Every structure is written in structure tokens, then in C-alpha cells.
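Participant: Mind looking over this structure? Questions follow.
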Amino acid sequence: MSHTPVLRTRGLRKEYGTGEGLVRAVDGVDLDVAPGETVAVMGPSGCGKSTLLHLLGGLDRPSGGEVSLNGRRIDDIGEKALARMRRTAVGFVFQAFHLMEELTAVENVELPALLAGRSPRAARRRAEELLEQVGLTDRARFLPSALSGGQRQRVAIARALSNEPLVVLADEPTGNLDSAATLDVLRLFQSLHESGQTLVIVTHDARIAATADRLISMRDGAFVDETRLSGGTTGQLGALVGLAD
């Protein structure tokens, strides 16, 4: 296994405003995420969790510090290179799903692969495999409007995996879901973890956080505590499902 962190930050900062109106959304964060590791980040609303995730995935530029993906600095590369990196190396899962409403489930899932230059046949085959993996083969030709919230989030997770990314970044992936749908997504993240997918999950949900190897607490833009967990063992997951039921 490679010892190069998939994600690495040093002194990472994101500031908004100036003078007395200056807000330090992310304030001097150092982070290493190892290959195959699942890291959960928790903290109160407005503490900088989502901003941090956007910086890690190249959706936003830092005010200072460094971000590296698989050993390569991404905070100082050009827009074209950054866009290519986002398409091919990072998968994003958002609270609001962000599916294309006019596309079917399978078309949503194959879209990143098509944008990355895969042939339509290869992109469709990969999309169908991923929908089977998330248990939605029978919903492949449905539009998002015909899917439940949990099904839409599973489509979004399949889409995030389309290009076999180095890391999946998830921002409150169960924030819009009821308890039953949350458990479906929780099981899916547990499966991804067991398969060796590197994950960084921003969440308010302790059940999702419990599937991680490491839990980081964030407050006022900075890391304030870190706990190493047992990585969401089957026993843990069974207990969590039992509590939810």
C-alpha cells in the first residue's frame, strides 16, 4: 500500500472579508488522509466543515496554505488542470443531491465518465454496474423526480464513483433523508469503506461518523479534537441499525 496520503493539507486557510469583518472560515488546518481511510468531520453549523471540503476537492481556492492530492499540489494549479482533477480524481456527494432533473438515473451516473472522455458504451456499462452496486438496477430509467430521497442520494453516490476517484468527499450526505433512507446510505458508505475507497465525510449524524476510522471535531475553522475509531465494524453497524429500528 502506498504511504503517500491521498489528501494532505498544511496551514490551510480560507478567509472572507477584511478588517473587522474578516471571517476565518478555515484557520490553519493540517490534515493527512491515508489511502483507504474514512475520515468523518463533525462540528456545529458554521464551523467551516463544508468550506474545508470544498477546498479539499478544488471547488474553492484557499487564502493560504497547501492542499495536495496524491502527492501533487492542487492549490496553485491552473483552472483547466483543476477542473480535470475534479472530474477524474474526486467524487462529490452533496446534501441536496444535485442530480440533473432531465436525465434518468443511469444517465446521471454515466455523465462524469462521458465528460472525462470515456466512450458512451464504457460509460453506460460502468453506470449500470454502479446502479446495481447501490441497489437501483430497477430504477435506472427513472427520472430523479420519480425517486425517493434515499434513492436519489444513492444515485448521487453512484455518480460520485463513476470515474473511480481517489477520494470521495461527502457533505452531509444524510441531511435530507429520513431514518430508513439514512440507514440505506449508511450501509452503502460502510460497503465503500470495506472495499478500500478513501472517504472524507462532513456530517452531523453520529451513525455515519461511527463508520469512520477517524473522527475530527471542528470549531471556529480549526480542528479541536481527534478520535481514532474502529472503522465501523459490522458489530457497530448492527448495533446502530438496531437502535434506529
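Residue numbering restarts at 1 for every chain of the C-alpha cells, chains are lettered A, B, ... in their displayed order, and ligands are numbered from 1 as they appear.
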List as a tab-separated table every residue of region 131-238 of chain A that is in contact with region 88-103 of chain A, defined as an atom at most 12 Å from one of its atoms (using only C-alpha atoms), together with the nearest atom pair and the distance in Å rounded to one decimal, sorted by chain and then rising number.
Facilitator:
```
residue	atom	partner	partner_atom	distance
A:Ala140	CA	A:Leu103	CA	10.4
A:Arg141	CA	A:Leu103	CA	8.9
A:Phe142	CA	A:Leu103	CA	8.5
A:Leu143	CA	A:Leu103	CA	6.1
A:Pro144	CA	A:Glu101	CA	5.7
A:Ser145	CA	A:Glu101	CA	7.0
A:Ala146	CA	A:Glu101	CA	10.0
A:Leu147	CA	A:Glu101	CA	10.8
A:Ser148	CA	A:Phe97	CA	11.4
A:Gly149	CA	A:Phe97	CA	8.6
A:Gly150	CA	A:Phe97	CA	9.8
A:Gln151	CA	A:Phe97	CA	10.1
A:Arg152	CA	A:Phe97	CA	6.6
A:Gln153	CA	A:Phe97	CA	5.8
A:Arg154	CA	A:Phe97	CA	9.1
A:Val155	CA	A:Leu99	CA	8.3
A:Ala156	CA	A:Phe97	CA	5.9
A:Ile157	CA	A:Val93	CA	6.0
A:Ala158	CA	A:Val93	CA	9.3
A:Arg159	CA	A:Gly91	CA	7.8
A:Ala160	CA	A:Gly91	CA	4.1
A:Leu161	CA	A:Gly91	CA	6.1
A:Ser162	CA	A:Gly91	CA	8.0
A:Asn163	CA	A:Thr88	CA	5.7
A:Glu164	CA	A:Ala89	CA	7.4
A:Pro165	CA	A:Ala89	CA	4.3
A:Leu166	CA	A:Ala89	CA	5.1
A:Val167	CA	A:Val90	CA	5.3
A:Val168	CA	A:Gly91	CA	4.5
A:Leu169	CA	A:Phe92	CA	5.0
A:Ala170	CA	A:Val93	CA	4.5
A:Asp171	CA	A:Phe94	CA	5.0
A:Glu172	CA	A:Gln95	CA	5.1
A:Pro173	CA	A:Gln95	CA	4.8
A:Thr174	CA	A:Gln95	CA	6.6
A:Gly175	CA	A:Gln95	CA	5.7
A:Asn176	CA	A:Gln95	CA	6.3
A:Leu177	CA	A:Gln95	CA	8.9
A:Thr182	CA	A:Gln95	CA	11.7
A:Val185	CA	A:Val93	CA	11.3
A:Phe189	CA	A:Val93	CA	11.3
A:Gln197	CA	A:Gly91	CA	10.8
A:Thr198	CA	A:Val90	CA	10.1
A:Leu199	CA	A:Gly91	CA	9.4
A:Val200	CA	A:Phe92	CA	10.0
A:Ile201	CA	A:Val93	CA	9.1
A:Val202	CA	A:Phe94	CA	9.8
A:Thr203	CA	A:Gln95	CA	9.7
A:His204	CA	A:Gln95	CA	11.4
```
Participant: When DSSP works through the backbone of this structure, what residues of region 17-180 of chain A end up as strand (DSSP E or B), shown as a ChimeraX atom specification?
Facilitator: /A:23-33,38-42,64-69,72-73,90-94,167-171
Participant: Could you go through region 59-206 of chain A and tell me which residues DSSP, when run on the backbone, assigns to alpha helix (DSSP H), listing them as a ChimeraX atom specification?
Facilitator: /A:79-89,105-115,120-133,149-160,179-194,206
Participant: Kindly give the distance, in Å, that separates CA of Val224 (chain A) and CA of Val33 (chain A), rounded to a single decimal.
Facilitator: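 About the pair CA of Val224 (chain A) and CA of Val33 (chain A): they are 17.0 Å apart.
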Participant: Could you jot down the CA of Thr211 (chain A) to CA of Leu188 (chain A) separation for me, Å, one decimal place?
Facilitator: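 It comes out at 10.5 Å.
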Participant: Please compute the CA of Ser68 (chain A)-CA of Ala123 (chain A) distance, one decimal, in Å.
Facilitator: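 Computing the Euclidean distance for CA of Ser68 (chain A) and CA of Ala123 (chain A) yields 28.0 Å.
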Participant: Which residue gives the smallest distance to Leu192 (chain A) among A:Leu215, A:Ala83, A:Arg207, A:Thr38, with only C-alpha atoms counted?
Facilitator: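 With only C-alpha atoms as the atom set, the closest residue is A:Thr38.
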Participant: Looking at A:Glu37, A:Ala25, A:Val109, A:Thr4, which one is nearest to Ser50 (chain A), with distances taken over only C-alpha atoms?
Facilitator: A:Ala25
Participant: Which residue, A:Gly11, A:Pro120, A:Pro62, A:Gly221, has the smallest gap to Gly43 (chain A) when you use only C-alpha atoms?
Facilitator: A:Gly221
Participant: Here is a test: counting only C-alpha atoms, which residue of A:Ala116, A:Ala212, A:Ala180, A:Leu186 is nearest to Arg84 (chain A)?
Facilitator: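 Going through A:Ala116, A:Ala212, A:Ala180, A:Leu186 one by one, the smallest distance to Arg84 (chain A) is for A:Ala116.
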Participant: So which one's closest to Pro35 (chain A), A:Ala222, A:Ala127, A:Ala209, A:Val6? Using only C-alpha atoms, please.
Facilitator: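 Closest to Pro35 (chain A) of all the choices is A:Val6.
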Participant: Please identify all polymer residues within 8 Å of Leu7 (chain A), counting only C-alpha atoms, omitting same-chain residues fewer than 6 positions from it, and present them as a ChimeraX atom specification.
Facilitator: /A:31-34,56,67-71
Participant: Check the smallest atom-to-atom distance from each of A:Glu226, A:Val23, A:Glu128, A:Leu136 to Glu110 (chain A) using only C-alpha atoms, then report the winner.
Facilitator: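 Comparing A:Glu226, A:Val23, A:Glu128, A:Leu136 against Glu110 (chain A), the winner is A:Glu128.
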Participant: At a cut-off of 6 Å, using only C-alpha atoms, what residues contact Cys47 (chain A)? Leave out same-chain residues fewer than 2 positions from it and give the result as a PyMOL selection string.
Facilitator: chain A and resi 44-45+49+219-221
Participant: Can you write out the residues you just picked, keeping C-alpha atoms, as a PDB file, in the first residue's frame?
Facilitator:
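out_4.pdb, written as the output of this step:
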```pdb
ATOM      1  CA  PRO A  44     -21.540  22.976  14.835  1.00  0.00           C
ATOM      2  CA  SER A  45     -23.114  24.737  11.860  1.00  0.00           C
ATOM      3  CA  LYS A  49     -16.726  21.958   7.636  1.00  0.00           C
ATOM      4  CA  ARG A 219     -14.871  24.547  15.725  1.00  0.00           C
ATOM      5  CA  ASP A 220     -14.333  28.121  14.516  1.00  0.00           C
ATOM      6  CA  GLY A 221     -12.460  26.943  11.429  1.00  0.00           C
TER       7      GLY A 221
END
```
